[in-house]
$ cat entry.tsv   # TSV, C-alpha atoms and all ligand atoms
chain	number	residue	atom	x	y	z
A	46	MET	CA	-44.76	-65.91	-145.12
A	47	LYS	CA	-44.85	-65.42	-141.39
A	48	LYS	CA	-44.25	-61.94	-140.12
A	49	TYR	CA	-41.42	-61.90	-137.59
A	50	GLN	CA	-42.24	-60.47	-134.16
A	51	LEU	CA	-39.69	-59.93	-131.42
A	52	MET	CA	-41.48	-60.17	-128.06
A	53	ALA	CA	-38.63	-61.18	-125.79
A	54	PRO	CA	-37.68	-59.19	-122.69
A	55	GLY	CA	-34.73	-57.75	-124.62
A	56	PRO	CA	-33.43	-57.09	-127.13
A	57	THR	CA	-36.63	-55.33	-128.17
A	58	PRO	CA	-37.91	-54.09	-131.54
A	59	VAL	CA	-36.36	-50.93	-132.96
A	60	PRO	CA	-38.78	-48.39	-134.51
A	61	SER	CA	-38.31	-47.72	-138.25
A	62	GLU	CA	-37.50	-44.05	-137.76
A	63	VAL	CA	-34.67	-45.10	-135.44
A	64	LEU	CA	-33.43	-47.74	-137.88
A	65	LEU	CA	-33.43	-45.16	-140.67
A	66	ALA	CA	-31.56	-42.63	-138.54
A	67	MET	CA	-28.93	-45.27	-137.79
A	68	ALA	CA	-28.56	-46.07	-141.50
A	69	GLN	CA	-27.05	-42.63	-142.19
A	70	PRO	CA	-23.43	-42.53	-143.35
A	71	MET	CA	-20.93	-42.81	-140.52
A	72	ILE	CA	-19.67	-39.62	-138.92
A	73	HIS	CA	-16.46	-39.20	-136.96
A	74	HIS	CA	-16.84	-38.75	-133.22
A	75	ARG	CA	-14.32	-35.92	-132.89
A	76	THR	CA	-16.25	-33.48	-135.06
A	77	PRO	CA	-18.72	-30.62	-134.59
A	78	GLN	CA	-21.47	-32.95	-135.95
A	79	TYR	CA	-20.93	-35.45	-133.18
A	80	GLU	CA	-20.77	-32.66	-130.62
A	81	THR	CA	-24.14	-31.30	-131.77
A	82	LEU	CA	-25.59	-34.82	-131.59
A	83	PHE	CA	-24.16	-35.50	-128.16
A	84	VAL	CA	-25.31	-32.17	-126.67
A	85	GLU	CA	-28.88	-33.21	-127.44
A	86	VAL	CA	-28.39	-36.81	-126.28
A	87	ARG	CA	-26.74	-35.68	-123.04
A	88	ALA	CA	-29.67	-33.42	-122.15
A	89	GLY	CA	-32.23	-36.06	-123.12
A	90	LEU	CA	-30.58	-38.76	-121.05
A	91	LYS	CA	-30.74	-36.60	-117.93
A	92	LYS	CA	-34.48	-36.29	-118.42
A	93	VAL	CA	-35.02	-40.02	-118.89
A	94	PHE	CA	-32.83	-40.84	-115.86
A	95	GLN	CA	-34.59	-38.00	-113.99
A	96	THR	CA	-31.29	-36.68	-112.69
A	97	GLU	CA	-29.12	-33.57	-112.74
A	98	ALA	CA	-26.06	-35.83	-112.96
A	99	ASP	CA	-24.37	-36.54	-116.26
A	100	VAL	CA	-25.30	-39.92	-117.71
A	101	LEU	CA	-22.22	-41.67	-119.10
A	102	PRO	CA	-22.77	-43.85	-122.19
A	103	LEU	CA	-20.40	-46.81	-122.58
A	104	ALA	CA	-19.94	-49.08	-125.59
A	105	CYS	CA	-20.86	-52.42	-124.02
A	106	SER	CA	-23.89	-54.49	-123.01
A	107	GLY	CA	-25.79	-53.80	-119.80
A	108	THR	CA	-23.52	-56.06	-117.77
A	109	GLY	CA	-20.57	-53.83	-118.67
A	110	ALA	CA	-22.28	-50.92	-116.94
A	111	MET	CA	-22.94	-53.16	-113.91
A	112	GLU	CA	-19.25	-54.03	-113.77
A	113	ALA	CA	-18.34	-50.35	-114.21
A	114	ALA	CA	-20.57	-49.47	-111.24
A	115	VAL	CA	-18.73	-51.96	-109.03
A	116	VAL	CA	-15.15	-51.22	-110.08
A	117	ASN	CA	-15.56	-47.45	-109.86
A	118	THR	CA	-17.09	-47.17	-106.40
A	119	LEU	CA	-15.75	-50.13	-104.40
A	120	SER	CA	-12.46	-51.62	-103.24
A	121	ALA	CA	-11.36	-55.21	-102.56
A	122	GLY	CA	-12.39	-56.20	-99.04
A	123	ASP	CA	-15.41	-53.86	-98.97
A	124	THR	CA	-18.73	-55.32	-97.91
A	125	VAL	CA	-21.95	-54.77	-99.84
A	126	ALA	CA	-25.49	-56.13	-99.56
A	127	ALA	CA	-27.16	-57.48	-102.68
A	128	ILE	CA	-30.80	-58.25	-103.35
A	129	ARG	CA	-30.69	-61.76	-104.79
A	130	ALA	CA	-34.02	-62.98	-106.13
A	131	GLY	CA	-33.27	-63.85	-109.74
A	132	LYS	CA	-30.56	-64.33	-112.35
A	133	PHE	CA	-29.73	-60.64	-112.52
A	134	GLY	CA	-29.44	-60.49	-108.73
A	135	ASP	CA	-26.98	-63.38	-109.09
A	136	ARG	CA	-25.03	-61.24	-111.52
A	137	TRP	CA	-24.40	-58.46	-108.98
A	138	VAL	CA	-23.13	-61.08	-106.54
A	139	GLU	CA	-20.87	-62.68	-109.15
A	140	ILE	CA	-19.36	-59.37	-110.29
A	141	CYS	CA	-18.66	-58.29	-106.70
A	142	ARG	CA	-17.06	-61.64	-105.78
A	143	ALA	CA	-14.96	-61.57	-108.99
A	144	TYR	CA	-13.39	-58.38	-107.62
A	145	GLY	CA	-12.94	-59.53	-104.02
A	146	VAL	CA	-15.87	-57.56	-102.64
A	147	ASN	CA	-17.70	-59.33	-99.78
A	148	VAL	CA	-21.41	-59.78	-100.34
A	149	VAL	CA	-24.14	-60.08	-97.73
A	150	GLU	CA	-26.92	-61.78	-99.67
A	151	LEU	CA	-30.45	-60.56	-99.23
A	152	ALA	CA	-32.03	-63.57	-100.87
A	153	ALA	CA	-35.64	-64.25	-101.69
A	154	PRO	CA	-37.11	-67.18	-103.61
A	155	PHE	CA	-37.39	-66.48	-107.33
A	156	GLY	CA	-40.68	-64.72	-108.00
A	157	HIS	CA	-40.52	-62.88	-104.69
A	158	SER	CA	-38.88	-59.65	-103.53
A	159	VAL	CA	-37.08	-58.32	-100.48
A	160	PRO	CA	-38.92	-55.78	-98.33
A	161	ALA	CA	-37.14	-52.52	-97.55
A	162	GLU	CA	-37.35	-53.35	-93.84
A	163	ARG	CA	-34.98	-56.30	-94.41
A	164	VAL	CA	-32.50	-53.95	-96.07
A	165	ALA	CA	-32.75	-51.60	-93.08
A	166	GLU	CA	-32.19	-54.48	-90.66
A	167	THR	CA	-29.14	-55.68	-92.61
A	168	LEU	CA	-27.60	-52.23	-92.44
A	169	ARG	CA	-28.22	-52.19	-88.67
A	170	THR	CA	-26.63	-55.58	-88.07
A	171	HIS	CA	-23.73	-55.26	-90.54
A	172	LYS	CA	-21.75	-52.11	-89.92
A	173	GLY	CA	-19.90	-50.44	-92.77
A	174	VAL	CA	-21.87	-51.84	-95.69
A	175	LYS	CA	-20.63	-49.70	-98.59
A	176	ALA	CA	-23.51	-50.28	-100.94
A	177	VAL	CA	-26.83	-51.99	-101.48
A	178	LEU	CA	-27.09	-53.45	-104.98
A	179	THR	CA	-30.38	-54.32	-106.57
A	180	GLN	CA	-32.31	-54.68	-109.78
A	181	HIS	CA	-35.31	-52.43	-110.29
A	182	SER	CA	-37.02	-54.85	-112.68
A	183	GLU	CA	-35.68	-58.41	-112.20
A	184	SER	CA	-36.16	-59.62	-115.77
A	185	SER	CA	-35.68	-63.31	-114.96
A	186	THR	CA	-38.73	-63.45	-112.67
A	187	GLY	CA	-40.79	-60.46	-113.81
A	188	VAL	CA	-40.68	-58.82	-110.38
A	189	LEU	CA	-40.30	-55.11	-109.69
A	190	HIS	CA	-38.23	-54.50	-106.55
A	191	ASP	CA	-39.01	-51.67	-104.12
A	192	VAL	CA	-36.21	-49.32	-105.15
A	193	ARG	CA	-38.03	-46.36	-103.64
A	194	GLY	CA	-38.16	-48.15	-100.28
A	195	TYR	CA	-34.50	-49.19	-100.47
A	196	ALA	CA	-33.52	-45.60	-101.30
A	197	ALA	CA	-35.45	-44.37	-98.28
A	198	VAL	CA	-33.21	-46.66	-96.18
A	199	THR	CA	-29.85	-45.67	-97.70
A	200	ARG	CA	-30.63	-41.99	-98.13
A	201	GLY	CA	-28.75	-39.80	-95.65
A	202	THR	CA	-26.39	-42.68	-94.72
A	203	ASP	CA	-22.93	-43.49	-96.05
A	204	THR	CA	-24.29	-46.54	-97.86
A	205	MET	CA	-24.85	-46.17	-101.61
A	206	LEU	CA	-27.84	-47.59	-103.44
A	207	ILE	CA	-26.73	-49.03	-106.79
A	208	VAL	CA	-29.61	-49.88	-109.12
A	209	ASP	CA	-29.67	-52.05	-112.24
A	210	ALA	CA	-32.38	-50.33	-114.25
A	211	VAL	CA	-31.58	-52.11	-117.51
A	212	SER	CA	-35.16	-53.34	-117.88
A	213	SER	CA	-36.88	-50.42	-116.15
A	214	LEU	CA	-35.41	-47.22	-117.59
A	215	GLY	CA	-38.08	-45.63	-119.75
A	216	ILE	CA	-40.52	-48.31	-118.56
A	217	ALA	CA	-41.15	-47.89	-114.83
A	218	ASP	CA	-40.81	-44.62	-112.93
A	219	LEU	CA	-37.38	-44.32	-111.28
A	220	PRO	CA	-36.74	-40.69	-110.37
A	221	MET	CA	-33.08	-41.10	-109.49
A	222	ASP	CA	-32.56	-37.76	-107.73
A	223	ALA	CA	-35.98	-37.51	-106.09
A	224	TRP	CA	-35.77	-41.01	-104.61
A	225	GLY	CA	-32.07	-40.75	-103.84
A	226	ALA	CA	-30.62	-43.64	-105.86
A	227	ASP	CA	-26.85	-43.10	-105.95
A	228	LEU	CA	-25.88	-44.99	-109.07
A	229	VAL	CA	-28.21	-46.15	-111.83
A	230	VAL	CA	-27.15	-48.33	-114.74
A	231	SER	CA	-29.10	-49.15	-117.86
A	232	GLY	CA	-28.72	-50.45	-121.40
A	233	SER	CA	-29.81	-49.60	-124.92
A	234	GLN	CA	-31.75	-52.73	-125.89
A	235	LYS	CA	-34.75	-52.73	-123.56
A	236	GLY	CA	-36.95	-49.70	-122.87
A	237	LEU	CA	-34.76	-47.50	-125.06
A	238	MET	CA	-35.77	-49.41	-128.21
A	239	LEU	CA	-32.21	-49.55	-129.62
A	240	PRO	CA	-29.92	-52.34	-130.73
A	241	PRO	CA	-27.74	-53.80	-127.97
A	242	GLY	CA	-24.32	-52.20	-127.61
A	243	VAL	CA	-24.61	-49.13	-125.41
A	244	ALA	CA	-24.99	-49.09	-121.64
A	245	PHE	CA	-25.20	-46.17	-119.22
A	246	CYS	CA	-24.00	-45.21	-115.77
A	247	ALA	CA	-25.38	-42.23	-113.85
A	248	LEU	CA	-23.64	-41.39	-110.59
A	249	GLY	CA	-24.91	-39.07	-107.88
A	250	GLU	CA	-22.67	-37.20	-105.44
A	251	LYS	CA	-22.34	-40.09	-103.01
A	252	ALA	CA	-21.19	-42.39	-105.80
A	253	TRP	CA	-18.68	-39.86	-107.13
A	254	ALA	CA	-17.30	-39.44	-103.60
A	255	ALA	CA	-16.92	-43.23	-103.37
A	256	ALA	CA	-15.20	-43.21	-106.77
A	257	LYS	CA	-12.45	-41.02	-105.29
A	258	THR	CA	-11.39	-43.74	-102.85
A	259	SER	CA	-12.19	-46.84	-104.93
A	260	THR	CA	-9.08	-48.91	-105.63
A	261	LEU	CA	-10.48	-51.70	-107.81
A	262	PRO	CA	-8.66	-51.94	-111.18
A	263	LYS	CA	-10.29	-50.15	-114.09
A	264	TYR	CA	-9.20	-48.86	-117.44
A	265	TYR	CA	-11.85	-49.02	-120.20
A	266	PHE	CA	-14.55	-48.44	-117.58
A	267	ASN	CA	-12.83	-45.60	-115.72
A	268	LEU	CA	-15.88	-43.42	-115.16
A	269	ALA	CA	-13.97	-40.39	-113.83
A	270	GLU	CA	-12.10	-40.27	-117.15
A	271	GLU	CA	-15.34	-40.84	-119.05
A	272	ARG	CA	-17.00	-37.94	-117.24
A	273	LYS	CA	-14.12	-35.60	-118.17
A	274	ALA	CA	-14.93	-36.35	-121.81
A	275	VAL	CA	-18.72	-36.21	-121.41
A	276	VAL	CA	-18.70	-32.72	-119.87
A	277	LYS	CA	-16.88	-31.58	-123.02
A	278	ASN	CA	-19.55	-33.37	-125.12
A	279	GLU	CA	-17.02	-35.96	-126.14
A	280	ALA	CA	-16.39	-39.62	-125.47
A	281	HIS	CA	-13.22	-41.01	-123.88
A	282	PHE	CA	-12.99	-43.84	-126.45
A	283	THR	CA	-14.72	-44.34	-129.81
A	284	PRO	CA	-18.43	-44.39	-128.97
A	285	ALA	CA	-21.00	-46.65	-130.64
A	286	VAL	CA	-21.73	-43.76	-133.02
A	287	SER	CA	-24.68	-45.31	-134.87
A	288	ILE	CA	-26.48	-46.27	-131.68
A	289	ILE	CA	-25.95	-42.78	-130.27
A	290	VAL	CA	-27.50	-41.42	-133.49
A	291	GLY	CA	-30.45	-43.77	-132.92
A	292	LEU	CA	-30.61	-42.70	-129.30
A	293	ARG	CA	-31.21	-39.09	-130.30
A	294	GLU	CA	-34.24	-40.30	-132.27
A	295	VAL	CA	-35.48	-42.39	-129.33
A	296	LEU	CA	-35.10	-39.49	-126.90
A	297	ARG	CA	-37.13	-37.31	-129.25
A	298	MET	CA	-39.85	-39.98	-129.39
A	299	ILE	CA	-39.95	-40.23	-125.58
A	300	GLU	CA	-40.06	-36.44	-125.28
A	301	THR	CA	-42.98	-36.30	-127.72
A	302	GLU	CA	-44.95	-39.02	-125.94
A	303	GLY	CA	-44.02	-37.65	-122.51
A	304	LEU	CA	-42.15	-39.75	-119.94
A	305	ARG	CA	-45.27	-40.06	-117.73
A	306	ASN	CA	-47.26	-41.38	-120.69
A	307	VAL	CA	-44.48	-43.84	-121.50
A	308	PHE	CA	-44.80	-45.26	-117.97
A	309	LYS	CA	-48.60	-45.33	-118.25
A	310	ARG	CA	-48.43	-47.18	-121.55
A	311	HIS	CA	-46.17	-49.84	-120.09
A	312	ASP	CA	-48.42	-50.20	-117.06
A	313	ARG	CA	-51.45	-50.75	-119.30
A	314	LEU	CA	-49.66	-53.25	-121.53
A	315	ALA	CA	-48.48	-55.18	-118.48
A	316	ARG	CA	-51.90	-55.17	-116.80
A	317	ALA	CA	-53.55	-56.32	-120.02
A	318	THR	CA	-50.99	-59.11	-120.50
A	319	ARG	CA	-51.46	-60.32	-116.93
A	320	ALA	CA	-55.24	-60.21	-117.25
A	321	GLY	CA	-55.03	-62.17	-120.50
A	322	VAL	CA	-52.73	-64.81	-119.09
A	323	GLU	CA	-54.85	-65.24	-115.97
A	324	ALA	CA	-58.03	-65.47	-118.06
A	325	LEU	CA	-56.51	-68.64	-119.55
A	326	GLY	CA	-56.10	-70.09	-116.08
A	327	LEU	CA	-52.34	-69.64	-116.10
A	328	GLU	CA	-50.39	-68.46	-113.10
A	329	LEU	CA	-48.08	-65.45	-113.01
A	330	PHE	CA	-44.57	-66.32	-111.87
A	331	ALA	CA	-44.23	-63.04	-109.95
A	332	LYS	CA	-45.66	-63.31	-106.45
A	333	ALA	CA	-44.46	-59.80	-105.56
A	334	THR	CA	-45.13	-56.52	-107.45
A	335	PRO	CA	-44.97	-57.46	-111.14
A	336	SER	CA	-42.68	-55.58	-113.53
A	337	PRO	CA	-44.31	-53.47	-116.24
A	338	ALA	CA	-41.50	-54.53	-118.63
A	339	LEU	CA	-42.38	-58.18	-119.03
A	340	THR	CA	-44.71	-60.87	-117.80
A	341	ALA	CA	-43.24	-64.11	-116.52
A	342	VAL	CA	-45.76	-66.93	-116.70
A	343	ALA	CA	-45.54	-70.26	-114.90
A	344	ALA	CA	-45.89	-73.10	-117.41
A	345	PRO	CA	-49.12	-75.04	-116.98
A	346	LYS	CA	-48.76	-78.37	-115.13
A	347	GLY	CA	-47.16	-81.01	-117.30
A	348	VAL	CA	-46.01	-78.52	-119.96
A	349	ASP	CA	-42.33	-77.74	-120.46
A	350	SER	CA	-42.09	-73.97	-120.95
A	351	GLU	CA	-39.33	-74.53	-123.53
A	352	LYS	CA	-42.01	-76.15	-125.68
A	353	VAL	CA	-44.13	-73.01	-125.42
A	354	VAL	CA	-41.16	-70.88	-126.50
A	355	ALA	CA	-40.37	-73.26	-129.37
A	356	ALA	CA	-44.01	-73.30	-130.55
A	357	TYR	CA	-44.20	-69.51	-130.58
A	358	SER	CA	-41.12	-69.50	-132.76
A	359	LYS	CA	-41.85	-72.43	-135.06
A	360	THR	CA	-45.56	-71.96	-135.61
A	361	HIS	CA	-45.85	-68.17	-135.42
A	362	ASN	CA	-42.32	-66.78	-135.98
A	363	ILE	CA	-42.55	-64.94	-132.66
A	364	THR	CA	-39.58	-64.82	-130.31
A	365	ILE	CA	-40.43	-64.91	-126.62
A	366	ALA	CA	-38.12	-66.10	-123.83
A	367	GLY	CA	-38.00	-69.10	-121.56
A	368	GLY	CA	-36.75	-69.44	-118.01
A	369	GLN	CA	-33.12	-68.88	-117.04
A	370	GLY	CA	-31.12	-71.23	-114.80
A	371	GLU	CA	-33.30	-73.24	-112.41
A	372	MET	CA	-36.39	-71.61	-113.98
A	373	LYS	CA	-35.67	-73.30	-117.31
A	374	GLY	CA	-38.65	-75.37	-118.39
A	375	LYS	CA	-40.89	-73.77	-115.76
A	376	VAL	CA	-41.38	-70.21	-116.98
A	377	PHE	CA	-41.93	-68.38	-120.21
A	378	ARG	CA	-41.56	-64.63	-120.49
A	379	LEU	CA	-43.43	-62.18	-122.69
A	380	GLY	CA	-41.76	-58.81	-123.21
A	381	HIS	CA	-43.90	-55.70	-123.61
A	382	MET	CA	-41.32	-52.98	-123.22
A	383	GLY	CA	-40.01	-50.23	-125.43
A	384	TYR	CA	-41.57	-50.12	-128.89
A	385	ALA	CA	-44.67	-52.02	-127.78
A	386	ALA	CA	-48.33	-51.10	-128.10
A	387	GLU	CA	-51.77	-52.53	-127.38
A	388	PHE	CA	-52.04	-54.73	-130.45
A	389	ASP	CA	-48.67	-56.31	-129.76
A	390	VAL	CA	-50.16	-57.62	-126.53
A	391	ILE	CA	-53.19	-58.90	-128.46
A	392	VAL	CA	-50.87	-60.71	-130.89
A	393	ALA	CA	-48.86	-62.27	-128.06
A	394	LEU	CA	-52.03	-63.47	-126.32
A	395	ALA	CA	-53.71	-64.74	-129.49
A	396	ALA	CA	-50.58	-66.73	-130.28
A	397	LEU	CA	-50.48	-68.02	-126.70
A	398	GLU	CA	-53.98	-69.43	-127.04
A	399	GLN	CA	-53.01	-71.24	-130.25
A	400	VAL	CA	-49.74	-72.48	-128.79
A	401	LEU	CA	-51.44	-73.89	-125.70
A	402	SER	CA	-54.11	-75.54	-127.82
A	403	ASP	CA	-51.42	-77.07	-130.06
A	404	LEU	CA	-49.73	-78.42	-126.94
A	405	GLY	CA	-52.95	-80.18	-125.99
A	406	GLN	CA	-54.12	-77.74	-123.33
A	407	PRO	CA	-57.81	-76.86	-123.07
A	408	VAL	CA	-58.27	-73.28	-124.33
A	409	ASP	CA	-61.31	-71.02	-124.26
A	410	PHE	CA	-60.44	-69.19	-127.48
A	411	GLY	CA	-60.67	-65.43	-127.20
A	412	ALA	CA	-60.69	-65.40	-123.39
A	413	SER	CA	-57.27	-63.79	-123.01
A	414	ILE	CA	-57.92	-61.26	-125.76
A	415	GLY	CA	-61.20	-60.19	-124.23
A	416	ALA	CA	-59.58	-59.75	-120.83
A	417	ALA	CA	-56.84	-57.59	-122.34
A	418	GLN	CA	-59.30	-55.51	-124.33
A	419	LYS	CA	-61.27	-54.77	-121.18
A	420	ILE	CA	-58.13	-53.20	-119.73
A	421	PHE	CA	-57.56	-51.22	-122.92
A	422	ALA	CA	-61.16	-50.02	-122.87
A	423	GLU	CA	-60.67	-48.49	-119.41
A	424	LYS	CA	-60.50	-44.73	-119.47
A	425	SER	CA	-57.14	-43.88	-117.96
A	501	LIG	C1	-30.97	-57.30	-119.94
A	501	LIG	C2	-30.58	-57.06	-118.54
A	501	LIG	C3	-29.26	-56.80	-118.15
A	501	LIG	C4	-28.12	-56.67	-119.11
A	501	LIG	O1	-27.78	-57.78	-119.78
A	501	LIG	P1	-26.75	-57.68	-121.00
A	501	LIG	O2	-26.99	-58.97	-121.70
A	501	LIG	O3	-25.41	-57.54	-120.45
A	501	LIG	O4	-27.15	-56.46	-121.79
A	501	LIG	C5	-29.00	-56.53	-116.83
A	501	LIG	N1	-29.98	-56.50	-115.93
A	501	LIG	C6	-31.25	-56.72	-116.25
A	501	LIG	C7	-32.28	-56.63	-115.19
A	501	LIG	C8	-31.61	-57.00	-117.57
A	501	LIG	O5	-32.88	-57.22	-117.89

$ encode --input "entry.tsv" --output "structure tokens" --more "lines below"
Ligand SMILES: *Cc1c(COP(=O)(O)O)cnc(C)c1O
Amino acid sequence: MKKYQLMAPGPTPVPSEVLLAMAQPMIHHRTPQYETLFVEVRAGLKKVFQTEADVLPLACSGTGAMEAAVVNTLSAGDTVAAIRAGKFGDRWVEICRAYGVNVVELAAPFGHSVPAERVAETLRTHKGVKAVLTQHSESSTGVLHDVRGYAAVTRGTDTMLIVDAVSSLGIADLPMDAWGADLVVSGSQKGLMLPPGVAFCALGEKAWAAAKTSTLPKYYFNLAEERKAVVKNEAHFTPAVSIIVGLREVLRMIETEGLRNVFKRHDRLARATRAGVEALGLELFAKATPSPALTAVAAPKGVDSEKVVAAYSKTHNITIAGGQGEMKGKVFRLGHMGYAAEFDVIVALAALEQVLSDLGQPVDFGASIGAAQKIFAEKS
């Protein structure tokens, strides 16, 4: 028997108490029971998004919320600027182009980021840019983009800042209102420790004003209609009831741990993972600020990273992730977000040592574990 461990950068493991909550008999969504549930979920979501705005849950994957952000605030022929430094940056560009929105690409090589100053310069040289679109945590490269810096640029202008926080909500600090992000999207299956199937959109005043004039087609993802339902503690269409039930449990867990402590935990897990990986002589893929959600590791010379992923799975029954697109074969990614704790990092690193050794790499056994434990021994 090999115990299964899910250590990919999403979907992430679901805690047992959440699984049990979701195993309750189905309830109808137009009932007082659902209303009671949603009142609690609605309040909890505002805290996790750190906003006064209502957070709108949608029954879809994270990409659905990205598409909803675009179709509700923009019109065909509008121009936006998009941070493009990974596969999820590509996704913003592809969604916008699919709807006839012009994109000024703020590109950086994968593993790097785009400084806020470049965003400011783009807004100076391109007049009338409606929005800046970015990831917070770019999960394909393991980089954390400077959302705070971008928000400082767009704040007080007519340009919106639209943030994909799918792999940063409940992982890295993103105070939506305090920083001035105008639209934040996220999903259920990363930091929120839930099955995939629910995504979220939170719109600030600037985004709601843009929604008034947006002419892109929308029906299922009409957020103005969704908000009308949400303020009545309802859902416009049938919600993913079981996941919303699980979400209440997750929000309680986050409240108990404290949002600050949740961020601290992720920071420690990420620092320990990086220290462990580097202690084995491996190179981090992220050359800019690394994400606390996952660690992207460059495959050692002569080793196909797909082989590392396959060995984790075959030999240890652990799922990690490889590289996407042009990073395939070059990168493997270890997730440490959501329901993840210190000894999960130790397991991932111990397995890494064995995997590398099996692949014929020289390994100083225990080196990565010791490096990680030194981080855990630090008094925070
Ligand atoms: C996981 C993820 C998404 C959403 O992907 P889906 O497969 O549609 O849920 C979007 N952006 C980032 C940064 C992600 O990590």

$ closest_atom_pairs --input "entry.tsv" --of "chain A" --to "ligand LIG 501 (chain A)" --cutoff "9 Å" --atoms "only C-alpha atoms and all ligand atoms" --output "tab-separated table"
residue	atom	partner	partner_atom	distance
A:Pro54	CA	A:LIG501	O5	7.1
A:Gly55	CA	A:LIG501	C1	6.0
A:Pro56	CA	A:LIG501	C1	7.6
A:Cys105	CA	A:LIG501	O3	7.7
A:Ser106	CA	A:LIG501	O4	4.0
A:Gly107	CA	A:LIG501	O4	3.6
A:Thr108	CA	A:LIG501	O3	3.6
A:Gly109	CA	A:LIG501	O3	6.4
A:Ala110	CA	A:LIG501	O3	8.1
A:Met111	CA	A:LIG501	C5	7.5
A:Lys132	CA	A:LIG501	C7	8.4
A:Phe133	CA	A:LIG501	N1	5.4
A:Gly134	CA	A:LIG501	C7	8.0
A:Arg136	CA	A:LIG501	C5	8.1
A:Gln180	CA	A:LIG501	C7	5.8
A:His181	CA	A:LIG501	C7	7.1
A:Ser182	CA	A:LIG501	C7	5.7
A:Glu183	CA	A:LIG501	C7	4.9
A:Ser184	CA	A:LIG501	O5	4.6
A:Ser185	CA	A:LIG501	O5	7.3
A:Asp209	CA	A:LIG501	N1	5.8
A:Ala210	CA	A:LIG501	C7	6.4
A:Val211	CA	A:LIG501	C6	4.8
A:Ser212	CA	A:LIG501	O5	4.5
A:Ser213	CA	A:LIG501	C7	7.8
A:Val230	CA	A:LIG501	C5	8.7
A:Ser231	CA	A:LIG501	C5	7.5
A:Gly232	CA	A:LIG501	O4	6.2
A:Ser233	CA	A:LIG501	O4	8.0
A:Gln234	CA	A:LIG501	O4	7.2
A:Lys235	CA	A:LIG501	C1	6.9
A:Pro241	CA	A:LIG501	O4	6.8
A:Gly242	CA	A:LIG501	O4	7.7
A:Val243	CA	A:LIG501	O4	8.6
A:Ala244	CA	A:LIG501	O4	7.7

$ write_last_selection --input "entry.tsv" --atoms "C-alpha atoms" --output "PDB file, keeping the file's coordinate frame"
ATOM      1  CA  PRO A  54     -37.680 -59.190-122.690  1.00  0.00           C
ATOM      2  CA  GLY A  55     -34.730 -57.750-124.620  1.00  0.00           C
ATOM      3  CA  PRO A  56     -33.430 -57.090-127.130  1.00  0.00           C
ATOM      4  CA  CYS A 105     -20.860 -52.420-124.020  1.00  0.00           C
ATOM      5  CA  SER A 106     -23.890 -54.490-123.010  1.00  0.00           C
ATOM      6  CA  GLY A 107     -25.790 -53.800-119.800  1.00  0.00           C
ATOM      7  CA  THR A 108     -23.520 -56.060-117.770  1.00  0.00           C
ATOM      8  CA  GLY A 109     -20.570 -53.830-118.670  1.00  0.00           C
ATOM      9  CA  ALA A 110     -22.280 -50.920-116.940  1.00  0.00           C
ATOM     10  CA  MET A 111     -22.940 -53.160-113.910  1.00  0.00           C
ATOM     11  CA  LYS A 132     -30.560 -64.330-112.350  1.00  0.00           C
ATOM     12  CA  PHE A 133     -29.730 -60.640-112.520  1.00  0.00           C
ATOM     13  CA  GLY A 134     -29.440 -60.490-108.730  1.00  0.00           C
ATOM     14  CA  ARG A 136     -25.030 -61.240-111.520  1.00  0.00           C
ATOM     15  CA  GLN A 180     -32.310 -54.680-109.780  1.00  0.00           C
ATOM     16  CA  HIS A 181     -35.310 -52.430-110.290  1.00  0.00           C
ATOM     17  CA  SER A 182     -37.020 -54.850-112.680  1.00  0.00           C
ATOM     18  CA  GLU A 183     -35.680 -58.410-112.200  1.00  0.00           C
ATOM     19  CA  SER A 184     -36.160 -59.620-115.770  1.00  0.00           C
ATOM     20  CA  SER A 185     -35.680 -63.310-114.960  1.00  0.00           C
ATOM     21  CA  ASP A 209     -29.670 -52.050-112.240  1.00  0.00           C
ATOM     22  CA  ALA A 210     -32.380 -50.330-114.250  1.00  0.00           C
ATOM     23  CA  VAL A 211     -31.580 -52.110-117.510  1.00  0.00           C
ATOM     24  CA  SER A 212     -35.160 -53.340-117.880  1.00  0.00           C
ATOM     25  CA  SER A 213     -36.880 -50.420-116.150  1.00  0.00           C
ATOM     26  CA  VAL A 230     -27.150 -48.330-114.740  1.00  0.00           C
ATOM     27  CA  SER A 231     -29.100 -49.150-117.860  1.00  0.00           C
ATOM     28  CA  GLY A 232     -28.720 -50.450-121.400  1.00  0.00           C
ATOM     29  CA  SER A 233     -29.810 -49.600-124.920  1.00  0.00           C
ATOM     30  CA  GLN A 234     -31.750 -52.730-125.890  1.00  0.00           C
ATOM     31  CA  LYS A 235     -34.750 -52.730-123.560  1.00  0.00           C
ATOM     32  CA  PRO A 241     -27.740 -53.800-127.970  1.00  0.00           C
ATOM     33  CA  GLY A 242     -24.320 -52.200-127.610  1.00  0.00           C
ATOM     34  CA  VAL A 243     -24.610 -49.130-125.410  1.00  0.00           C
ATOM     35  CA  ALA A 244     -24.990 -49.090-121.640  1.00  0.00           C
TER      36      ALA A 244
END

$ closest_residue --input "entry.tsv" --among "A:Val400, A:Ala385, A:Leu168, A:Ala280" --to "A:Asn267" --atoms "only C-alpha atoms"
A:Ala280

$ closest_residue --input "entry.tsv" --among "A:Met372, A:Ile289, A:Ala366, A:Leu119" --to "A:Gly156" --atoms "only C-alpha atoms"
A:Met372

$ closest_residue --input "entry.tsv" --among "A:Ser259, A:Thr81, A:Ser358, A:Asn117" --to "A:Glu271" --atoms "all atoms listed in the file"
A:Asn117

$ residues_around --input "entry.tsv" --residues "stretch 173-179 of chain A" --least-positions-apart "3" --cutoff "9 Å" --atoms "only C-alpha atoms" --output "PyMOL selection string"
chain A and resi 118-119+123-129+133-134+137-138+149+164+167-168+183+190+192+195+199+203-210+255
